[in-house]
$ cat target.txt   # compact mmCIF, C-alpha atoms and all ligand atoms
# COMPACT_ATOMS: atom_id res chain seq x y z
CA MET K 1 -20.15 61.25 -46.07
CA GLY K 2 -17.84 58.62 -47.66
CA SER K 3 -20.82 56.38 -48.36
CA LEU K 4 -22.83 59.28 -49.97
CA ALA K 5 -19.87 60.04 -52.25
CA ALA K 6 -19.68 56.32 -53.06
CA VAL K 7 -23.41 56.28 -53.95
CA LEU K 8 -22.97 59.35 -56.16
CA ARG K 9 -20.15 57.55 -57.94
CA HIS K 10 -22.21 54.34 -58.10
CA PRO K 11 -25.89 55.39 -58.10
CA ASP K 12 -27.01 51.82 -58.74
CA ASP K 13 -25.71 50.92 -55.26
CA LEU K 14 -28.65 52.82 -53.77
CA TYR K 15 -31.40 50.25 -54.23
CA PRO K 16 -29.37 47.23 -52.95
CA LEU K 17 -28.17 49.36 -49.98
CA LEU K 18 -31.77 50.29 -49.11
CA LYS K 19 -32.79 46.61 -49.35
CA LEU K 20 -29.85 45.67 -47.05
CA LYS K 21 -30.91 48.32 -44.53
CA MET K 22 -34.52 47.10 -44.56
CA ALA K 23 -33.40 43.47 -44.22
CA SER K 24 -31.21 44.23 -41.19
CA ARG K 25 -34.12 46.17 -39.59
CA GLN K 26 -36.34 43.15 -40.30
CA ALA K 27 -33.72 40.76 -38.90
CA GLU K 28 -33.43 42.71 -35.65
CA LYS K 29 -37.19 42.37 -35.16
CA GLN K 30 -36.86 38.58 -35.45
CA ILE K 31 -34.61 38.31 -32.37
CA PRO K 32 -36.13 35.55 -30.13
CA PRO K 33 -37.62 36.68 -26.75
CA GLU K 34 -35.70 34.27 -24.46
CA PRO K 35 -32.87 36.28 -22.79
CA HIS K 36 -30.10 33.87 -23.80
CA TRP K 37 -31.20 33.72 -27.46
CA ALA K 38 -31.77 37.48 -27.48
CA PHE K 39 -28.20 37.93 -26.21
CA CYS K 40 -26.78 35.56 -28.83
CA TYR K 41 -28.54 37.15 -31.82
CA SER K 42 -27.89 40.72 -30.73
CA MET K 43 -24.22 39.79 -30.20
CA LEU K 44 -24.18 38.21 -33.68
CA HIS K 45 -25.42 41.47 -35.20
CA LYS K 46 -22.83 43.46 -33.26
CA VAL K 47 -19.80 41.37 -34.30
CA SER K 48 -20.68 40.98 -37.98
CA ARG K 49 -23.47 43.03 -39.52
CA SER K 50 -23.58 41.80 -43.09
CA PHE K 51 -22.80 38.21 -42.22
CA ALA K 52 -25.45 38.15 -39.53
CA LEU K 53 -28.01 38.93 -42.23
CA VAL K 54 -26.84 35.99 -44.32
CA ILE K 55 -27.17 33.69 -41.26
CA GLN K 56 -30.67 35.10 -40.55
CA GLN K 57 -32.04 33.63 -43.79
CA LEU K 58 -31.17 30.04 -42.79
CA GLY K 59 -33.92 27.68 -41.53
CA THR K 60 -34.65 28.04 -37.77
CA ASP K 61 -32.85 24.94 -36.45
CA LEU K 62 -29.76 25.42 -38.57
CA ARG K 63 -29.79 29.18 -37.93
CA ASN K 64 -29.60 28.66 -34.17
CA ALA K 65 -26.80 26.08 -34.55
CA VAL K 66 -24.78 28.34 -36.90
CA CYS K 67 -25.36 31.34 -34.62
CA ILE K 68 -23.95 29.44 -31.60
CA PHE K 69 -21.12 27.94 -33.67
CA TYR K 70 -20.18 31.46 -34.86
CA LEU K 71 -20.16 32.88 -31.29
CA VAL K 72 -18.17 29.92 -29.86
CA LEU K 73 -15.56 30.47 -32.62
CA ARG K 74 -15.45 34.21 -31.92
CA ALA K 75 -14.93 33.52 -28.21
CA LEU K 76 -12.09 31.08 -28.98
CA ASP K 77 -10.63 33.72 -31.34
CA THR K 78 -10.88 36.35 -28.59
CA VAL K 79 -8.83 34.20 -26.18
CA GLU K 80 -6.26 33.45 -28.95
CA ASP K 81 -5.95 37.15 -29.92
CA ASP K 82 -5.73 38.66 -26.42
CA THR K 83 -1.98 39.32 -26.09
CA SER K 84 -2.42 40.30 -22.39
CA ILE K 85 -3.12 36.66 -21.45
CA PRO K 86 0.13 34.85 -20.47
CA THR K 87 0.81 31.75 -22.62
CA ASP K 88 0.68 29.33 -19.65
CA VAL K 89 -2.88 30.60 -18.94
CA LYS K 90 -3.99 30.88 -22.58
CA VAL K 91 -2.92 27.43 -23.85
CA PRO K 92 -4.91 25.34 -21.29
CA ILE K 93 -8.04 27.45 -21.97
CA LEU K 94 -7.75 26.95 -25.74
CA ILE K 95 -7.29 23.18 -25.30
CA ALA K 96 -10.18 22.80 -22.82
CA PHE K 97 -12.57 25.27 -24.48
CA HIS K 98 -14.63 22.43 -26.04
CA ARG K 99 -15.56 21.36 -22.48
CA HIS K 100 -16.30 24.90 -21.26
CA VAL K 101 -19.12 25.39 -23.78
CA TYR K 102 -21.14 22.80 -21.78
CA ASP K 103 -20.46 24.56 -18.43
CA ARG K 104 -22.76 27.53 -17.73
CA GLU K 105 -20.65 28.36 -14.63
CA TRP K 106 -17.42 28.71 -16.61
CA HIS K 107 -16.23 32.33 -16.97
CA PHE K 108 -12.99 33.94 -18.25
CA SER K 109 -12.88 37.69 -18.82
CA CYS K 110 -10.72 38.88 -21.76
CA GLY K 111 -10.87 40.78 -25.10
CA THR K 112 -12.13 44.30 -25.76
CA LYS K 113 -15.38 46.07 -26.66
CA GLU K 114 -18.18 43.70 -27.79
CA TYR K 115 -15.84 40.69 -27.51
CA LYS K 116 -15.39 41.40 -23.78
CA VAL K 117 -19.19 41.42 -23.42
CA LEU K 118 -19.33 38.10 -25.28
CA MET K 119 -16.80 36.57 -22.85
CA ASP K 120 -18.34 38.09 -19.70
CA GLN K 121 -21.81 36.80 -20.59
CA PHE K 122 -20.67 33.59 -22.26
CA HIS K 123 -23.06 31.62 -20.01
CA HIS K 124 -25.88 32.75 -22.36
CA VAL K 125 -24.07 31.02 -25.23
CA SER K 126 -23.68 27.83 -23.15
CA THR K 127 -27.40 27.88 -22.22
CA ALA K 128 -28.37 28.20 -25.88
CA PHE K 129 -25.77 25.57 -26.90
CA LEU K 130 -27.30 23.06 -24.46
CA GLU K 131 -30.69 23.56 -26.17
CA LEU K 132 -29.33 22.53 -29.59
CA GLY K 133 -29.92 19.07 -31.03
CA LYS K 134 -27.27 16.41 -30.14
CA GLY K 135 -25.97 16.26 -33.75
CA TYR K 136 -25.31 20.00 -33.72
CA GLN K 137 -23.67 19.89 -30.25
CA ASP K 138 -21.33 17.05 -31.25
CA ALA K 139 -20.24 18.83 -34.45
CA ILE K 140 -19.57 22.13 -32.63
CA GLU K 141 -17.68 20.41 -29.78
CA ASP K 142 -15.54 18.32 -32.15
CA ILE K 143 -14.46 21.36 -34.20
CA THR K 144 -13.89 23.51 -31.09
CA LYS K 145 -11.61 20.80 -29.65
CA ARG K 146 -9.52 20.48 -32.85
CA MET K 147 -9.32 24.25 -33.40
CA GLY K 148 -8.34 24.96 -29.78
CA ALA K 149 -5.52 22.40 -29.98
CA GLY K 150 -4.36 23.85 -33.32
CA MET K 151 -4.38 27.41 -32.04
CA ALA K 152 -2.44 26.31 -28.93
CA LYS K 153 0.21 24.74 -31.19
CA PHE K 154 0.74 28.02 -33.10
CA ILE K 155 0.84 30.20 -29.97
CA CYS K 156 4.56 29.40 -29.75
CA LYS K 157 5.15 28.41 -33.39
CA GLU K 158 5.82 30.91 -36.24
CA VAL K 159 4.32 30.47 -39.71
CA GLU K 160 7.57 29.57 -41.55
CA SER K 161 6.80 27.33 -44.54
CA ILE K 162 3.79 27.39 -46.89
CA ASP K 163 2.82 24.07 -45.26
CA ASP K 164 2.75 25.88 -41.86
CA TYR K 165 0.61 28.57 -43.50
CA ASP K 166 -1.88 25.97 -44.83
CA GLU K 167 -1.84 24.16 -41.48
CA TYR K 168 -2.53 27.37 -39.49
CA CYS K 169 -5.33 28.36 -41.90
CA TYR K 170 -6.75 24.82 -41.56
CA TYR K 171 -6.99 25.19 -37.77
CA VAL K 172 -8.61 28.67 -37.75
CA ALA K 173 -10.72 28.49 -40.95
CA GLY K 174 -10.57 25.07 -42.67
CA LEU K 175 -12.12 23.48 -39.58
CA VAL K 176 -14.94 26.05 -39.76
CA GLY K 177 -15.71 24.76 -43.25
CA LEU K 178 -15.66 21.17 -41.98
CA GLY K 179 -17.88 22.13 -39.03
CA LEU K 180 -20.45 23.87 -41.20
CA SER K 181 -20.56 20.91 -43.59
CA LYS K 182 -21.34 18.71 -40.55
CA LEU K 183 -24.11 21.13 -39.42
CA PHE K 184 -25.61 21.21 -42.94
CA TYR K 185 -25.55 17.37 -42.95
CA ALA K 186 -27.02 17.19 -39.43
CA SER K 187 -29.86 19.46 -40.61
CA GLY K 188 -30.74 16.76 -43.16
CA THR K 189 -30.73 19.11 -46.17
CA GLU K 190 -27.22 18.46 -47.58
CA ASP K 191 -24.94 15.45 -48.11
CA LEU K 192 -21.69 15.60 -46.08
CA ALA K 193 -19.13 17.43 -48.28
CA PRO K 194 -15.58 15.99 -48.66
CA ASP K 195 -13.21 17.49 -46.02
CA SER K 196 -10.80 18.69 -48.74
CA LEU K 197 -13.50 20.89 -50.31
CA SER K 198 -14.77 22.15 -46.93
CA ASN K 199 -11.18 23.00 -46.00
CA SER K 200 -10.68 24.99 -49.22
CA MET K 201 -13.83 27.03 -48.45
CA GLY K 202 -12.13 28.12 -45.22
CA LEU K 203 -8.62 28.61 -46.63
CA PHE K 204 -9.83 30.85 -49.48
CA LEU K 205 -11.64 33.18 -47.04
CA GLN K 206 -8.88 33.14 -44.41
CA LYS K 207 -6.03 33.74 -46.86
CA THR K 208 -7.97 36.66 -48.40
CA ASN K 209 -8.42 38.19 -44.93
CA ILE K 210 -4.70 37.65 -44.08
CA ILE K 211 -3.67 39.41 -47.32
CA ARG K 212 -6.19 42.27 -46.91
CA ASP K 213 -5.35 42.85 -43.23
CA TYR K 214 -1.52 42.90 -43.65
CA LEU K 215 -1.02 46.47 -42.37
CA GLU K 216 -3.54 46.18 -39.52
CA ASP K 217 -1.87 42.95 -38.33
CA ILE K 218 1.75 44.11 -38.70
CA ASN K 219 0.95 47.33 -36.78
CA GLU K 220 -0.88 45.41 -34.02
CA ILE K 221 0.27 46.57 -30.55
CA PRO K 222 1.96 45.36 -28.38
CA LYS K 223 2.89 42.29 -30.47
CA CYS K 224 2.51 42.34 -34.30
CA ARG K 225 0.55 39.45 -35.84
CA MET K 226 2.53 37.65 -38.56
CA PHE K 227 0.55 35.22 -40.74
CA TRP K 228 2.37 35.66 -44.06
CA PRO K 229 4.71 32.61 -44.44
CA ARG K 230 8.48 33.34 -44.28
CA GLU K 231 8.96 30.95 -47.24
CA ILE K 232 7.16 33.56 -49.42
CA TRP K 233 8.13 37.00 -47.96
CA SER K 234 11.82 36.08 -47.43
CA LYS K 235 12.15 36.02 -51.26
CA TYR K 236 11.46 39.79 -51.28
CA VAL K 237 12.58 41.33 -47.95
CA ASN K 238 14.61 40.47 -44.85
CA LYS K 239 11.81 41.19 -42.33
CA LEU K 240 8.02 40.93 -42.87
CA GLU K 241 7.45 44.47 -41.60
CA ASP K 242 9.86 45.82 -44.28
CA LEU K 243 7.05 45.42 -46.83
CA LYS K 244 5.31 48.51 -45.44
CA TYR K 245 8.20 50.92 -46.10
CA GLU K 246 8.04 53.20 -49.16
CA GLU K 247 11.48 52.20 -50.41
CA ASN K 248 10.40 48.54 -50.66
CA SER K 249 7.21 49.24 -52.68
CA ASP K 250 8.16 47.21 -55.79
CA LYS K 251 9.25 44.21 -53.73
CA ALA K 252 6.14 44.57 -51.55
CA VAL K 253 3.77 44.44 -54.54
CA GLN K 254 5.63 41.42 -55.95
CA CYS K 255 5.27 39.67 -52.58
CA LEU K 256 1.57 40.63 -52.44
CA ASN K 257 1.02 39.19 -55.93
CA ASP K 258 2.76 35.99 -54.80
CA MET K 259 0.36 35.70 -51.81
CA VAL K 260 -2.71 36.37 -54.00
CA THR K 261 -1.53 33.75 -56.51
CA ASN K 262 -1.22 31.25 -53.65
CA ALA K 263 -4.79 31.97 -52.46
CA LEU K 264 -6.23 31.49 -55.98
CA MET K 265 -5.26 27.79 -55.74
CA HIS K 266 -8.38 27.07 -53.68
CA VAL K 267 -10.98 28.55 -56.05
CA GLU K 268 -11.79 25.44 -58.07
CA ASP K 269 -12.45 23.42 -54.89
CA CYS K 270 -14.75 26.21 -53.65
CA LEU K 271 -16.69 26.19 -56.95
CA LYS K 272 -17.06 22.39 -56.65
CA TYR K 273 -18.27 22.73 -53.02
CA MET K 274 -20.88 25.38 -53.88
CA SER K 275 -22.13 23.60 -57.02
CA ALA K 276 -23.00 20.55 -54.88
CA LEU K 277 -25.25 22.46 -52.47
CA ARG K 278 -29.02 21.88 -52.79
CA ASP K 279 -30.64 24.22 -50.24
CA HIS K 280 -31.07 27.82 -51.50
CA ALA K 281 -30.51 29.49 -48.09
CA ILE K 282 -27.41 27.39 -47.37
CA PHE K 283 -26.15 28.12 -50.90
CA ARG K 284 -26.45 31.89 -50.40
CA PHE K 285 -24.89 31.57 -46.92
CA CYS K 286 -21.83 29.90 -48.48
CA ALA K 287 -21.60 31.77 -51.80
CA ILE K 288 -21.84 35.39 -50.59
CA PRO K 289 -18.60 35.35 -48.51
CA GLN K 290 -16.80 33.53 -51.37
CA ILE K 291 -17.77 36.19 -53.92
CA MET K 292 -16.72 38.89 -51.42
CA ALA K 293 -13.35 37.13 -51.18
CA ILE K 294 -12.64 36.89 -54.95
CA GLY K 295 -13.72 40.54 -55.26
CA THR K 296 -11.35 41.53 -52.45
CA LEU K 297 -8.46 39.55 -54.02
CA ALA K 298 -9.06 41.23 -57.40
CA LEU K 299 -8.96 44.57 -55.58
CA CYS K 300 -5.76 43.71 -53.63
CA TYR K 301 -3.79 42.23 -56.55
CA ASN K 302 -0.92 44.52 -57.67
CA ASN K 303 -2.34 47.22 -55.33
CA ILE K 304 0.24 49.14 -53.22
CA GLU K 305 -2.67 50.49 -51.12
CA VAL K 306 -2.65 47.16 -49.22
CA PHE K 307 0.55 48.48 -47.56
CA ARG K 308 -0.92 51.92 -46.92
CA GLY K 309 -4.31 51.04 -45.38
CA VAL K 310 -6.99 48.30 -45.40
CA VAL K 311 -8.39 47.72 -48.90
CA LYS K 312 -12.10 46.80 -48.57
CA MET K 313 -14.95 46.30 -51.03
CA ARG K 314 -17.34 49.25 -50.66
CA ARG K 315 -20.63 48.66 -48.82
CA GLY K 316 -22.63 49.26 -52.01
CA LEU K 317 -20.86 46.38 -53.74
CA THR K 318 -21.37 44.15 -50.67
CA ALA K 319 -25.08 45.01 -50.84
CA LYS K 320 -25.14 44.06 -54.51
CA VAL K 321 -23.41 40.74 -53.85
CA ILE K 322 -25.97 39.91 -51.12
CA ASP K 323 -28.80 41.04 -53.43
CA ARG K 324 -27.71 39.27 -56.59
CA THR K 325 -26.30 35.92 -55.45
CA ASN K 326 -29.02 33.32 -55.90
CA ASN K 327 -27.63 30.44 -57.95
CA MET K 328 -24.45 28.86 -59.34
CA THR K 329 -24.76 30.93 -62.55
CA ASP K 330 -24.34 34.09 -60.44
CA VAL K 331 -21.28 32.53 -58.77
CA TYR K 332 -19.61 31.51 -62.05
CA LEU K 333 -20.30 34.96 -63.52
CA ALA K 334 -18.94 36.74 -60.45
CA PHE K 335 -15.75 34.63 -60.34
CA TYR K 336 -15.34 35.09 -64.09
CA ASP K 337 -15.86 38.87 -63.92
CA PHE K 338 -13.61 39.47 -60.91
CA SER K 339 -10.90 37.28 -62.51
CA ASN K 340 -11.32 39.55 -65.52
CA ILE K 341 -10.57 42.54 -63.31
CA LEU K 342 -7.43 40.86 -61.94
CA LYS K 343 -6.10 39.55 -65.29
CA PRO K 344 -5.21 42.88 -67.02
CA LYS K 345 -3.35 43.91 -63.84
CA ILE K 346 -0.85 41.05 -64.31
CA ASN K 347 2.30 42.77 -65.46
CA LYS K 348 4.65 40.43 -67.34
CA ASN K 349 7.69 41.62 -65.32
CA ASP K 350 6.08 40.30 -62.12
CA PRO K 351 8.09 37.20 -60.96
CA ASN K 352 4.85 35.19 -60.61
CA ALA K 353 3.09 36.51 -63.73
CA THR K 354 3.05 33.14 -65.53
CA LYS K 355 1.73 31.28 -62.47
CA THR K 356 -0.88 33.97 -61.74
CA LEU K 357 -2.07 33.96 -65.36
CA SER K 358 -2.39 30.16 -65.43
CA ARG K 359 -4.41 30.21 -62.16
CA VAL K 360 -6.72 32.95 -63.45
CA GLU K 361 -7.22 31.13 -66.75
CA ALA K 362 -7.93 27.86 -64.91
CA ILE K 363 -10.63 29.68 -62.89
CA GLN K 364 -12.16 31.23 -66.01
CA LYS K 365 -12.08 27.85 -67.77
CA ALA K 366 -13.92 26.24 -64.80
CA CYS K 367 -16.55 29.02 -65.07
CA MET K 368 -16.79 28.65 -68.87
CA ASP K 369 -17.05 24.85 -68.65
CA SER K 370 -20.15 25.33 -66.50
CA GLY K 371 -21.82 26.30 -69.80
CA VAL K 372 -23.88 29.07 -68.15
CA LEU K 373 -21.72 32.04 -69.03
CA ASN K 374 -22.93 32.61 -72.60
CA LYS K 375 -26.56 32.96 -71.40
CA ARG K 376 -25.99 36.05 -69.32
CA LYS K 377 -23.96 39.22 -69.93
CA SER K 378 -22.32 39.82 -66.59
CA TYR K 379 -22.80 39.70 -62.84
CA ILE K 380 -21.73 43.08 -61.43
CA ILE K 381 -18.98 44.51 -63.55
CA GLN K 382 -21.06 45.88 -66.42
CA SER K 383 -23.19 47.85 -63.99
CA GLU K 384 -19.93 48.79 -62.19
CA LEU K 385 -18.28 50.20 -65.24
CA ARG K 386 -21.10 51.97 -67.05
CA TYR K 387 -23.37 54.37 -65.21
CA SER K 388 -26.89 53.27 -66.15
CA SER K 389 -28.56 56.49 -67.26
CA THR K 390 -31.87 55.22 -65.91
CA MET K 391 -30.36 54.97 -62.43
CA ILE K 392 -29.26 58.60 -62.58
CA VAL K 393 -32.79 59.67 -63.63
CA ILE K 394 -34.38 57.65 -60.80
CA PHE K 395 -31.83 59.13 -58.39
CA PHE K 396 -32.80 62.70 -59.27
CA ILE K 397 -36.53 61.88 -59.12
CA ILE K 398 -36.04 60.57 -55.56
CA LEU K 399 -34.03 63.71 -54.74
CA ALA K 400 -36.83 65.91 -56.14
CA ILE K 401 -39.43 64.01 -54.07
CA ILE K 402 -37.33 64.43 -50.89
CA PHE K 403 -36.87 68.19 -51.55
CA SER K 404 -40.55 68.80 -52.36
CA TYR K 405 -41.52 66.83 -49.22
CA LEU K 406 -39.03 68.81 -47.08
CA SER K 407 -40.10 72.15 -48.63
CA SER K 408 -43.86 71.25 -48.17
CA THR K 409 -43.33 70.29 -44.47
CA ARG K 410 -41.31 73.58 -43.95
CA ALA K 411 -44.13 75.55 -45.73
CA SER K 412 -46.85 73.92 -43.54
CA LYS K 413 -44.90 74.80 -40.31
C1 LIG K 501 -17.58 31.73 -41.59
CL1 LIG K 501 -19.88 29.93 -38.90
C2 LIG K 501 -16.68 32.46 -40.77
N1 LIG K 501 -15.72 33.33 -41.35
C3 LIG K 501 -16.04 34.21 -42.35
C4 LIG K 501 -17.49 34.26 -42.78
O1 LIG K 501 -17.85 33.15 -43.58
C5 LIG K 501 -17.45 31.87 -43.10
C6 LIG K 501 -16.74 32.34 -39.37
C7 LIG K 501 -17.72 31.55 -38.80
C8 LIG K 501 -18.65 30.87 -39.61
C9 LIG K 501 -18.58 30.95 -41.01
C10 LIG K 501 -18.24 30.80 -43.87
C11 LIG K 501 -19.49 31.09 -44.39
C12 LIG K 501 -20.17 30.07 -45.12
C13 LIG K 501 -19.60 28.81 -45.35
C14 LIG K 501 -18.31 28.55 -44.82
C15 LIG K 501 -17.63 29.55 -44.08
O2 LIG K 501 -17.68 27.32 -44.97
C16 LIG K 501 -18.39 26.30 -45.66
O3 LIG K 501 -16.40 29.33 -43.46
C17 LIG K 501 -15.39 28.66 -44.09
O4 LIG K 501 -15.20 34.96 -42.84
C18 LIG K 501 -14.40 33.43 -40.72
C19 LIG K 501 -13.36 32.39 -41.28
C20 LIG K 501 -12.87 32.83 -42.63
C21 LIG K 501 -12.21 32.40 -40.29
C22 LIG K 501 -13.94 31.01 -41.39
C23 LIG K 501 -17.79 35.53 -43.60
C24 LIG K 501 -17.61 36.76 -42.71
N2 LIG K 501 -17.32 37.85 -43.38
C25 LIG K 501 -17.14 39.09 -42.63
C26 LIG K 501 -16.38 40.01 -43.54
C27 LIG K 501 -14.98 40.02 -43.22
O5 LIG K 501 -14.39 40.80 -43.88
O6 LIG K 501 -14.54 39.30 -42.29
O7 LIG K 501 -17.70 36.71 -41.52
C28 LIG K 501 -18.43 39.80 -42.42
O8 LIG K 501 -19.28 39.65 -43.27
O9 LIG K 501 -18.44 40.54 -41.46

$ encode --input "target.txt" --output "structure tokens"
Amino acid sequence: MGSLAAVLRHPDDLYPLLKLKMASRQAEKQIPPEPHWAFCYSMLHKVSRSFALVIQQLGTDLRNAVCIFYLVLRALDTVEDDTSIPTDVKVPILIAFHRHVYDREWHFSCGTKEYKVLMDQFHHVSTAFLELGKGYQDAIEDITKRMGAGMAKFICKEVESIDDYDEYCYYVAGLVGLGLSKLFYASGTEDLAPDSLSNSMGLFLQKTNIIRDYLEDINEIPKCRMFWPREIWSKYVNKLEDLKYEENSDKAVQCLNDMVTNALMHVEDCLKYMSALRDHAIFRFCAIPQIMAIGTLALCYNNIEVFRGVVKMRRGLTAKVIDRTNNMTDVYLAFYDFSNILKPKINKNDPNATKTLSRVEAIQKACMDSGVLNKRKSYIIQSELRYSSTMIVIFFIILAIIFSYLSSTRASK
């Protein structure tokens, strides 16, 4: 129902949503016949629908390598997240995981729902991994080794300083950026991107997720997950969980705005990383999650709802982002437009207002300096804000067709 109401409010979501549905149907038909590849691609679709589609459009070799890389990372994540595993069992597994991916006999049951299936049938992932080219295997093993060691370090270490925060995000997301840059390079279509830019691609996505998922993480049972750095939240409250209580709303929003301002630091590096990409499929694979992230940050900024539930971009907008992201002009326009949504929300009494404004203006300047903005009106916002009358007409025509079809079938019965 929610989605129908959303379409009624945004009728121009309909077409992109239909295209997304068709594309995912199409993608599911393309699942390879071999049992281990079939398992890997069906698992990929289960754990991340929209992202799986973006992976699907990569070239065959790279697609298989990214699919396996994604599942190995999800498995590592599942071990890290499973609070029922004692630390003295969990740490050795995280550190040795880079060796286990080569061993089809290795098995460790943990996690819930589809992640438990991934762990219980992980031998399929190992079989597929062993079929990848050596360059891809080496890149995946190297990143898995460094991420496992980093995760093990933070099992018993809290995220205190902003440096801890950047270090933790480097281990669980920055290294994913580095790994993908290595896979793109190994596929022979891209130069090897500088680590600093690859790291920023990961940190911008991870920090957006950590901000968006505050309430889900703090309410995690049995042990809450605390990724917000004490150096930031201790300026507003005495305990991180205090941010969720009604009486601390003003302080909570100020702390949220501080976290969003921190995440905006990585945007210019991400724009540099994406503007250097040559391959269209790789470009879309990298740009779509980044646009989702700036959209989510614009939504979360100064928004008390982050402490009341999970604030997410609606599926229609996700469909539009996937449908309309084809080149760097689209990226500059999207970052410019979403910054324009965030900017008017900056209230001058916010302790970080000046810093937030300067970061937003730096982002908009980077987009303006690209020289592409004056050519085109806007990426999504215009269509967001004004209901295109044509869309409403088309919507009712489709409705009329459906009714006449339904009434004619009922009449013929
Ligand atoms: C990514 Cl192989 C991720 N993460 C994401 C997804 O995008 C990045 C996990 C594994 C892989 C890739 C990603 C995509 C393209 C280029 C990248 C990159 O770097 C150059 O990673 C940095 O979020 C997870 C990390 C952030 C931890 C890296 C996008 C994704 N989005 C979810 C939506 C969501 O809300 O999580 O998975 C989805 O679409 O379901």

$ residues_around --input "target.txt" --residues "stretch 192-202 of chain K" --least-positions-apart "2" --cutoff "12 Å" --atoms "all atoms listed in the file" --output "short mmCIF file (atom, residue, chain, number, x, y, z; two decimals) with C-alpha atoms, keeping the file's coordinate frame"
data_model
loop_
_atom_site.label_atom_id
_atom_site.label_comp_id
_atom_site.auth_asym_id
_atom_site.auth_seq_id
_atom_site.Cartn_x
_atom_site.Cartn_y
_atom_site.Cartn_z
CA ASP K 166 -1.88 25.97 -44.83
CA GLU K 167 -1.84 24.16 -41.48
CA TYR K 168 -2.53 27.37 -39.49
CA CYS K 169 -5.33 28.36 -41.90
CA TYR K 170 -6.75 24.82 -41.56
CA TYR K 171 -6.99 25.19 -37.77
CA VAL K 172 -8.61 28.67 -37.75
CA ALA K 173 -10.72 28.49 -40.95
CA GLY K 174 -10.57 25.07 -42.67
CA LEU K 175 -12.12 23.48 -39.58
CA VAL K 176 -14.94 26.05 -39.76
CA GLY K 177 -15.71 24.76 -43.25
CA LEU K 178 -15.66 21.17 -41.98
CA GLY K 179 -17.88 22.13 -39.03
CA LEU K 180 -20.45 23.87 -41.20
CA SER K 181 -20.56 20.91 -43.59
CA LYS K 182 -21.34 18.71 -40.55
CA LEU K 183 -24.11 21.13 -39.42
CA PHE K 184 -25.61 21.21 -42.94
CA TYR K 185 -25.55 17.37 -42.95
CA ALA K 186 -27.02 17.19 -39.43
CA SER K 187 -29.86 19.46 -40.61
CA GLY K 188 -30.74 16.76 -43.16
CA THR K 189 -30.73 19.11 -46.17
CA GLU K 190 -27.22 18.46 -47.58
CA PHE K 204 -9.83 30.85 -49.48
CA LEU K 205 -11.64 33.18 -47.04
CA GLN K 206 -8.88 33.14 -44.41
CA LYS K 207 -6.03 33.74 -46.86
CA THR K 208 -7.97 36.66 -48.40
CA ASN K 209 -8.42 38.19 -44.93
CA ALA K 263 -4.79 31.97 -52.46
CA LEU K 264 -6.23 31.49 -55.98
CA MET K 265 -5.26 27.79 -55.74
CA HIS K 266 -8.38 27.07 -53.68
CA VAL K 267 -10.98 28.55 -56.05
CA GLU K 268 -11.79 25.44 -58.07
CA ASP K 269 -12.45 23.42 -54.89
CA CYS K 270 -14.75 26.21 -53.65
CA LEU K 271 -16.69 26.19 -56.95
CA LYS K 272 -17.06 22.39 -56.65
CA TYR K 273 -18.27 22.73 -53.02
CA MET K 274 -20.88 25.38 -53.88
CA SER K 275 -22.13 23.60 -57.02
CA ALA K 276 -23.00 20.55 -54.88
CA LEU K 277 -25.25 22.46 -52.47
CA ARG K 278 -29.02 21.88 -52.79
CA CYS K 286 -21.83 29.90 -48.48
CA ALA K 287 -21.60 31.77 -51.80
CA ILE K 288 -21.84 35.39 -50.59
CA PRO K 289 -18.60 35.35 -48.51
CA GLN K 290 -16.80 33.53 -51.37
CA ILE K 291 -17.77 36.19 -53.92
CA ALA K 293 -13.35 37.13 -51.18
CA ILE K 294 -12.64 36.89 -54.95
#

$ closest_residue --input "target.txt" --among "K:Gln30, K:Thr78, K:Asn262, K:Ser50" --to "K:Asp323" --atoms "all atoms listed in the file"
K:Ser50

$ closest_residue --input "target.txt" --among "K:Ile93, K:Leu333, K:Val310, K:Leu240" --to "ligand LIG 501 (chain K)" --atoms "all atoms listed in the file"
K:Val310

$ atom_distance --input "target.txt" --atom1 "atom CA of K:Arg230" --atom2 "atom CA of K:Met259"
11.3 Å

$ atom_distance --input "target.txt" --atom1 "atom CA of K:Leu373" --atom2 "atom CA of K:Ser358"
19.8 Å

$ atom_distance --input "target.txt" --atom1 "atom CA of K:Asp88" --atom2 "atom CA of K:Lys153"
12.4 Å

$ closest_residue --input "target.txt" --among "K:Asn248, K:Thr318, K:Asn219, K:Asn238" --to "ligand LIG 501 (chain K)" --atoms "all atoms listed in the file"
K:Thr318

$ closest_residue --input "target.txt" --among "K:Arg315, K:Lys90, K:Lys21, K:Lys239" --to "K:Ile155" --atoms "all atoms listed in the file"
K:Lys90

$ residues_around --input "target.txt" --residues "K:Gln254" --least-positions-apart "2" --cutoff "9 Å" --atoms "only C-alpha atoms" --output "PyMOL selection string"
chain K and resi 236+249-252+256-259+302+350-352

$ closest_residue --input "target.txt" --among "K:Ser42, K:Thr296, K:Thr261, K:Thr60" --to "ligand LIG 501 (chain K)" --atoms "all atoms listed in the file"
K:Thr296

$ closest_residue --input "target.txt" --among "K:Ile162, K:Val306, K:Met313, K:Ala27" --to "ligand LIG 501 (chain K)" --atoms "all atoms listed in the file"
K:Met313

$ residues_around --input "target.txt" --residues "K:Cys110" --least-positions-apart "6" --cutoff "10 Å" --atoms "all atoms listed in the file" --output "MDAnalysis selection string"
chainID K and resid 75 78:79 81:85 116:120

$ residues_around --input "target.txt" --residues "K:Ile394" --least-positions-apart "5" --cutoff "10 Å" --atoms "only C-alpha atoms" --output "CSV table (one decimal) with C-alpha atoms, in the frame of the given file"
chain,number,residue,atom,x,y,z
K,11,PRO,CA,-25.9,55.4,-58.1
K,12,ASP,CA,-27.0,51.8,-58.7
K,389,SER,CA,-28.6,56.5,-67.3
K,399,LEU,CA,-34.0,63.7,-54.7
K,400,ALA,CA,-36.8,65.9,-56.1
